[in-house]
Amino acid sequence: MASDSPRALSGIQPTAGSFHLGNYLGAIRQYVALQETHDAFYMVVDLHAITVPQDPVELRANTRLAAAQLLAAGLDPERCTLFIQSHVPEHAQLGWVMNCMTGFGEASRMTQFKDKSAKQGADRATVGLFTYPILQVADILLYQADAVPVGEDQRQHIELTRDLAERFNTRYGPTFTIPAPHIVREVAKIYDLQDPSAKMSKSAASPKGLVNLLDDPKVSAKKFRSAVTDTDTVIRYDEKEKPGVSNLLTIHSALTGTGIPELEERYEGKGYGALKTDLADIFVEWVTPFHERTREYLGDPETLDSVLAKGAEKARAVAAETLAAAYDRLGLVPAKH
Ligand code: TRP
């Protein structure tokens with residue numbers, strides 16, 4: 001989209017290897033849609049990834065793999081700007097400024113940090129993990145983003161972004177656009193196929209609950225066929241009473257574009273088996289070309305790296321302008337060139 005359209009920006013972590021279905025339906029699909037209506041910037045957030053220990057070889061491979069999957073999912077370098085966060089040094093630079101705008105207590109209230117650090121223990125959790133949301137704030141503000149497509153779990157970080165942008169603008173004069181989260185409610189949360197009370201996540205209790213996009217499609221099909229439902233037989237959307245069935249209906253509807261009421265009608269009098277088998281087939285049909293496209297990008301690292309280099313160049317032009325304005329407002333002496 002042309003650069004006079006509203007801006008969208010989002011980032012995705014390169015830590016998982018394969019993206020899972022929750023990442024795709026909750027966020028990546030929205031990235032693809034927003035290319036049509038927004039001047040969209042998307043990045044692989046490798047600097048966020050290192051807030052927890054990473055194996056260097058794996059991190060490098062997973063960063064390229066993440067970019068390849070984003071392209072395979074439908075991001076088009078002609079229609080959006082795709083880049084790697086560390087290729088644009090302004091992220092770390094504005095991140096520092098934003099660190100200096102954030103209250104310690106304010107940062108301490110970020111629930112994702114509390115969850116992640118509780119898992120690792122206070123001594124092993126890094127200061128980088130603590131300031132993770134503040135780097136995310138810088139990511140968003142650098143591009144003057146209007147809309148931030150994310151999953152429901154990121155809402156608090158977008159709130160922090162709005163607060164800090166407003167604080168900076170009030171103290172130093174209008175500098176940053178106040179962004180809004182772009183969360184598509186119906187697919188904001190995809191649940192674990194074995195434990196529909198938990199969000200689908202790479203740290204799933206059982207691997208059977210997690211659908212990785214790059215797994216063998218046969219393995220994923222089996223996971224759909226053995227998804228947990230309930231002891232009833234009626235196919236009806238009811239998150240409270242029927243979380244498993246509702247999750248399957250959500251996924252079906254998202255992948256086929258069929259409304260949930262229509263699906264309820266279609267499956268009236270049919271058992272859970274029919275819904276699960278159909279969904280397994282629908283998923284395999286969708287994911288097979290995704291695999292092929294991902295493999296193509298990975299098989300041609302030169303093209304992939306050149307797409308990312310062009311993206312970084314475009315991103316940097318925008319980011320440098322915002323950083324310069326922020327430094328100026330703060331009273332930093334401009335460097336002579
Ligand atoms: N924290 C986000 C997540 O875990 C990833 C992220 C980093 C991001 N920077 C961003 C998302 C900027 C949106 C905008 O999903």
# chains A, B, ... in the order shown; residues from 1 in each chain; ligands from 1
>>> residues_around(residues="Lys202 (chain A)", least_positions_apart="2", cutoff="10 Å", atoms="only C-alpha atoms", output="PyMOL selection string")
chain A and resi 15-20+22-23+192+199-200+204-207+209-212
>>> write_last_selection(atoms="all heavy atoms", output="short mmCIF file (atom, residue, chain, number, x, y, z; two decimals), in the first residue's frame")
data_model
loop_
_atom_site.label_atom_id
_atom_site.label_comp_id
_atom_site.auth_asym_id
_atom_site.auth_seq_id
_atom_site.Cartn_x
_atom_site.Cartn_y
_atom_site.Cartn_z
N THR A 15 11.85 -17.64 17.61
CA THR A 15 12.39 -18.63 18.54
C THR A 15 11.87 -20.04 18.34
O THR A 15 12.45 -20.98 18.85
CB THR A 15 12.10 -18.21 19.98
OG1 THR A 15 10.76 -17.78 20.05
CG2 THR A 15 13.03 -17.10 20.39
N ALA A 16 10.77 -20.20 17.64
CA ALA A 16 10.10 -21.50 17.69
C ALA A 16 10.53 -22.47 16.60
O ALA A 16 10.18 -23.63 16.65
CB ALA A 16 8.60 -21.29 17.64
N GLY A 17 11.26 -21.99 15.59
CA GLY A 17 11.44 -22.86 14.42
C GLY A 17 10.19 -22.73 13.57
O GLY A 17 10.02 -21.77 12.84
N SER A 18 9.29 -23.68 13.72
CA SER A 18 8.02 -23.59 12.98
C SER A 18 7.04 -22.69 13.72
O SER A 18 6.93 -22.75 14.94
CB SER A 18 7.40 -24.98 12.85
OG SER A 18 6.11 -24.87 12.28
N PHE A 19 6.32 -21.86 12.98
CA PHE A 19 5.19 -21.17 13.57
C PHE A 19 4.09 -22.19 13.82
O PHE A 19 4.02 -23.22 13.14
CB PHE A 19 4.66 -20.08 12.63
CG PHE A 19 5.60 -18.92 12.48
CD1 PHE A 19 5.71 -18.24 11.27
CD2 PHE A 19 6.36 -18.47 13.55
CE1 PHE A 19 6.57 -17.16 11.13
CE2 PHE A 19 7.23 -17.39 13.42
CZ PHE A 19 7.32 -16.74 12.20
N HIS A 20 3.22 -21.89 14.77
CA HIS A 20 2.08 -22.79 14.99
C HIS A 20 0.78 -22.14 14.53
O HIS A 20 0.76 -20.95 14.18
CB HIS A 20 2.04 -23.29 16.44
CG HIS A 20 1.84 -22.23 17.48
ND1 HIS A 20 0.67 -21.52 17.62
CD2 HIS A 20 2.67 -21.78 18.46
CE1 HIS A 20 0.78 -20.68 18.63
NE2 HIS A 20 2.00 -20.81 19.15
N GLY A 22 -1.80 -21.16 16.04
CA GLY A 22 -2.22 -19.99 16.82
C GLY A 22 -1.52 -18.73 16.36
O GLY A 22 -2.14 -17.67 16.23
N ASN A 23 -0.21 -18.81 16.07
CA ASN A 23 0.52 -17.65 15.53
C ASN A 23 -0.10 -17.23 14.21
O ASN A 23 -0.28 -16.04 13.94
CB ASN A 23 1.99 -17.98 15.19
CG ASN A 23 2.82 -18.47 16.36
OD1 ASN A 23 3.57 -19.43 16.24
ND2 ASN A 23 2.69 -17.82 17.49
N ASP A 192 -5.29 -24.95 22.71
CA ASP A 192 -4.61 -26.25 22.62
C ASP A 192 -5.64 -27.34 22.28
O ASP A 192 -6.72 -27.38 22.85
CB ASP A 192 -3.98 -26.49 24.00
CG ASP A 192 -3.11 -27.71 24.05
OD1 ASP A 192 -3.64 -28.84 23.97
OD2 ASP A 192 -1.89 -27.54 24.20
N LYS A 199 -4.16 -21.60 25.92
CA LYS A 199 -3.87 -21.05 24.60
C LYS A 199 -2.93 -21.99 23.86
O LYS A 199 -2.05 -22.60 24.49
CB LYS A 199 -3.17 -19.71 24.83
CG LYS A 199 -3.32 -18.72 23.73
CD LYS A 199 -2.56 -17.47 24.09
CE LYS A 199 -1.11 -17.65 23.76
NZ LYS A 199 -0.33 -16.46 23.48
N MET A 200 -3.09 -22.13 22.54
CA MET A 200 -2.11 -22.93 21.80
C MET A 200 -0.75 -22.25 21.93
O MET A 200 -0.63 -21.05 21.68
CB MET A 200 -2.51 -23.07 20.33
CG MET A 200 -1.57 -24.04 19.60
SD MET A 200 -2.04 -24.37 17.89
CE MET A 200 -3.41 -25.50 18.07
N ALA A 204 3.34 -26.18 24.96
CA ALA A 204 2.16 -27.00 25.28
C ALA A 204 2.54 -28.17 26.20
O ALA A 204 3.63 -28.72 26.11
CB ALA A 204 1.56 -27.53 23.98
N ALA A 205 1.59 -28.52 27.07
CA ALA A 205 1.82 -29.64 28.00
C ALA A 205 2.01 -30.94 27.21
O ALA A 205 2.88 -31.75 27.53
CB ALA A 205 0.64 -29.76 28.96
N SER A 206 1.20 -31.13 26.18
CA SER A 206 1.35 -32.32 25.33
C SER A 206 1.56 -31.88 23.89
O SER A 206 0.86 -31.00 23.40
CB SER A 206 0.08 -33.17 25.42
OG SER A 206 -0.05 -33.95 24.24
N PRO A 207 2.53 -32.49 23.19
CA PRO A 207 2.76 -32.10 21.79
C PRO A 207 1.51 -32.34 20.92
O PRO A 207 1.37 -31.71 19.87
CB PRO A 207 3.91 -33.01 21.34
CG PRO A 207 4.03 -34.08 22.38
CD PRO A 207 3.46 -33.53 23.65
N GLY A 209 -1.36 -31.32 21.46
CA GLY A 209 -2.26 -30.17 21.49
C GLY A 209 -1.82 -29.04 20.58
O GLY A 209 -2.54 -28.10 20.33
N LEU A 210 -0.59 -29.16 20.07
CA LEU A 210 0.05 -28.06 19.33
C LEU A 210 0.19 -28.42 17.85
O LEU A 210 0.77 -29.45 17.52
CB LEU A 210 1.44 -27.83 19.95
CG LEU A 210 2.42 -26.94 19.19
CD1 LEU A 210 1.93 -25.50 19.17
CD2 LEU A 210 3.81 -27.00 19.85
N VAL A 211 -0.33 -27.56 16.98
CA VAL A 211 -0.22 -27.80 15.54
C VAL A 211 0.85 -26.88 14.97
O VAL A 211 0.63 -25.68 14.79
CB VAL A 211 -1.57 -27.54 14.83
CG1 VAL A 211 -1.45 -27.76 13.33
CG2 VAL A 211 -2.65 -28.46 15.42
N ASN A 212 2.01 -27.43 14.69
CA ASN A 212 3.10 -26.67 14.07
C ASN A 212 2.91 -26.68 12.56
O ASN A 212 2.68 -27.73 11.97
CB ASN A 212 4.44 -27.32 14.39
CG ASN A 212 4.94 -26.92 15.77
OD1 ASN A 212 4.85 -25.75 16.15
ND2 ASN A 212 5.43 -27.88 16.51
#
>>> residues_around(residues="region 255-260 of chain A", least_positions_apart="3", cutoff="8 Å", atoms="only C-alpha atoms", output="PyMOL selection string")
chain A and resi 237+249-252+263-264+282-283+286
>>> write_last_selection(atoms="C-alpha atoms", output="compact mmCIF listing (two decimals), in the first residue's frame")
# COMPACT_ATOMS: atom_id res chain seq x y z
CA TYR A 237 -20.32 -22.90 19.55
CA LEU A 249 -15.29 -24.44 14.87
CA THR A 250 -13.16 -21.31 15.14
CA ILE A 251 -10.30 -22.95 13.25
CA HIS A 252 -12.63 -24.38 10.61
CA LEU A 263 -21.07 -24.56 10.25
CA GLU A 264 -23.41 -25.38 13.15
CA ILE A 282 -8.97 -28.74 5.33
CA PHE A 283 -5.79 -28.10 7.28
CA TRP A 286 -4.08 -25.39 3.32
>>> residues_near_ligand(ligand="ligand 1", cutoff="6 Å", atoms="only C-alpha atoms and all ligand atoms", output="ChimeraX atom specification")
/A:9-13,45,136,139-140,148,150
>>> residues_around(residues="region 117-134 of chain A", least_positions_apart="2", cutoff="8 Å", atoms="only C-alpha atoms", output="list in words")
His48, Thr51, Val52, Gly95, Met98, Asn99, Thr102, Ala107, Ser108, Met110, Phe113, Lys114, Asp115, Gln136, Val137, Ala138, His157, Leu160 and Thr161 of chain A
>>> closest_residue(among="A:Lys189, A:Glu58, A:Ala49, A:Arg64", to="Ser201 (chain A)", atoms="only C-alpha atoms")
A:Lys189
>>> residues_around(residues="region 163-166 of chain A", least_positions_apart="2", cutoff="9 Å", atoms="only C-alpha atoms", output="compact mmCIF listing (two decimals) with C-alpha atoms, in the first residue's frame")
# COMPACT_ATOMS: atom_id res chain seq x y z
CA MET A 98 11.98 4.63 26.16
CA MET A 101 10.58 7.23 30.09
CA THR A 102 9.28 4.17 31.94
CA VAL A 137 7.39 0.19 22.47
CA LEU A 141 6.85 4.19 17.82
CA ILE A 158 0.32 -1.94 23.29
CA GLU A 159 -1.25 -0.11 26.24
CA LEU A 160 2.25 0.62 27.54
CA THR A 161 3.19 1.90 24.08
CA PHE A 168 6.76 11.75 25.60
CA ASN A 169 4.44 13.90 23.49
CA THR A 170 3.17 15.76 26.56
CA ARG A 171 6.66 16.40 27.93
CA PRO A 174 4.10 15.94 19.57
CA THR A 175 6.58 13.36 18.27
CA PHE A 176 4.90 9.96 18.14
CA THR A 177 1.67 8.63 16.68
CA ILE A 178 -0.49 6.92 19.32
CA PRO A 179 -1.03 3.38 18.02
>>> residues_around(residues="Ser246 (chain A)", least_positions_apart="5", cutoff="9 Å", atoms="only C-alpha atoms", output="list in words")
Thr229, Ile235, Arg236, Tyr237, Asp238, Glu239, Lys240 and Ile251 of chain A
>>> residues_around(residues="Asp39 (chain A)", least_positions_apart="2", cutoff="10 Å", atoms="only C-alpha atoms", output="PyMOL selection string")
chain A and resi 1-9+34-37+41+79-81+145-146
>>> decode(residues="region 82-116 of chain A", atoms="C-alpha atoms", output="short mmCIF file (atom, residue, chain, number, x, y, z; two decimals), in the first residue's frame")
data_model
loop_
_atom_site.label_atom_id
_atom_site.label_comp_id
_atom_site.auth_asym_id
_atom_site.auth_seq_id
_atom_site.Cartn_x
_atom_site.Cartn_y
_atom_site.Cartn_z
CA LEU A 82 9.74 -7.10 5.80
CA PHE A 83 12.98 -6.92 7.76
CA ILE A 84 15.05 -8.18 10.65
CA GLN A 85 14.93 -6.02 13.75
CA SER A 86 18.70 -6.04 14.40
CA HIS A 87 19.34 -4.70 10.88
CA VAL A 88 17.84 -1.40 12.01
CA PRO A 89 19.99 -0.08 14.89
CA GLU A 90 17.44 2.61 15.74
CA HIS A 91 15.40 -0.01 17.63
CA ALA A 92 18.04 -0.34 20.32
CA GLN A 93 18.61 3.42 20.31
CA LEU A 94 15.00 4.45 20.79
CA GLY A 95 14.66 1.51 23.19
CA TRP A 96 17.12 3.25 25.50
CA VAL A 97 15.17 6.50 25.33
CA MET A 98 11.98 4.63 26.16
CA ASN A 99 13.70 2.90 29.10
CA CYS A 100 14.28 6.38 30.45
CA MET A 101 10.58 7.23 30.09
CA THR A 102 9.28 4.17 31.94
CA GLY A 103 8.68 3.89 35.66
CA PHE A 104 10.25 0.90 37.36
CA GLY A 105 6.92 -0.01 38.94
CA GLU A 106 5.19 0.43 35.62
CA ALA A 107 7.55 -2.05 33.98
CA SER A 108 7.16 -4.41 36.93
CA ARG A 109 3.44 -4.70 36.25
CA MET A 110 3.90 -6.31 32.84
CA THR A 111 2.27 -9.72 33.20
CA GLN A 112 4.23 -11.43 30.42
CA PHE A 113 7.47 -10.68 32.27
CA LYS A 114 6.01 -12.00 35.50
CA ASP A 115 4.99 -15.24 33.77
CA LYS A 116 8.26 -15.73 31.91
#
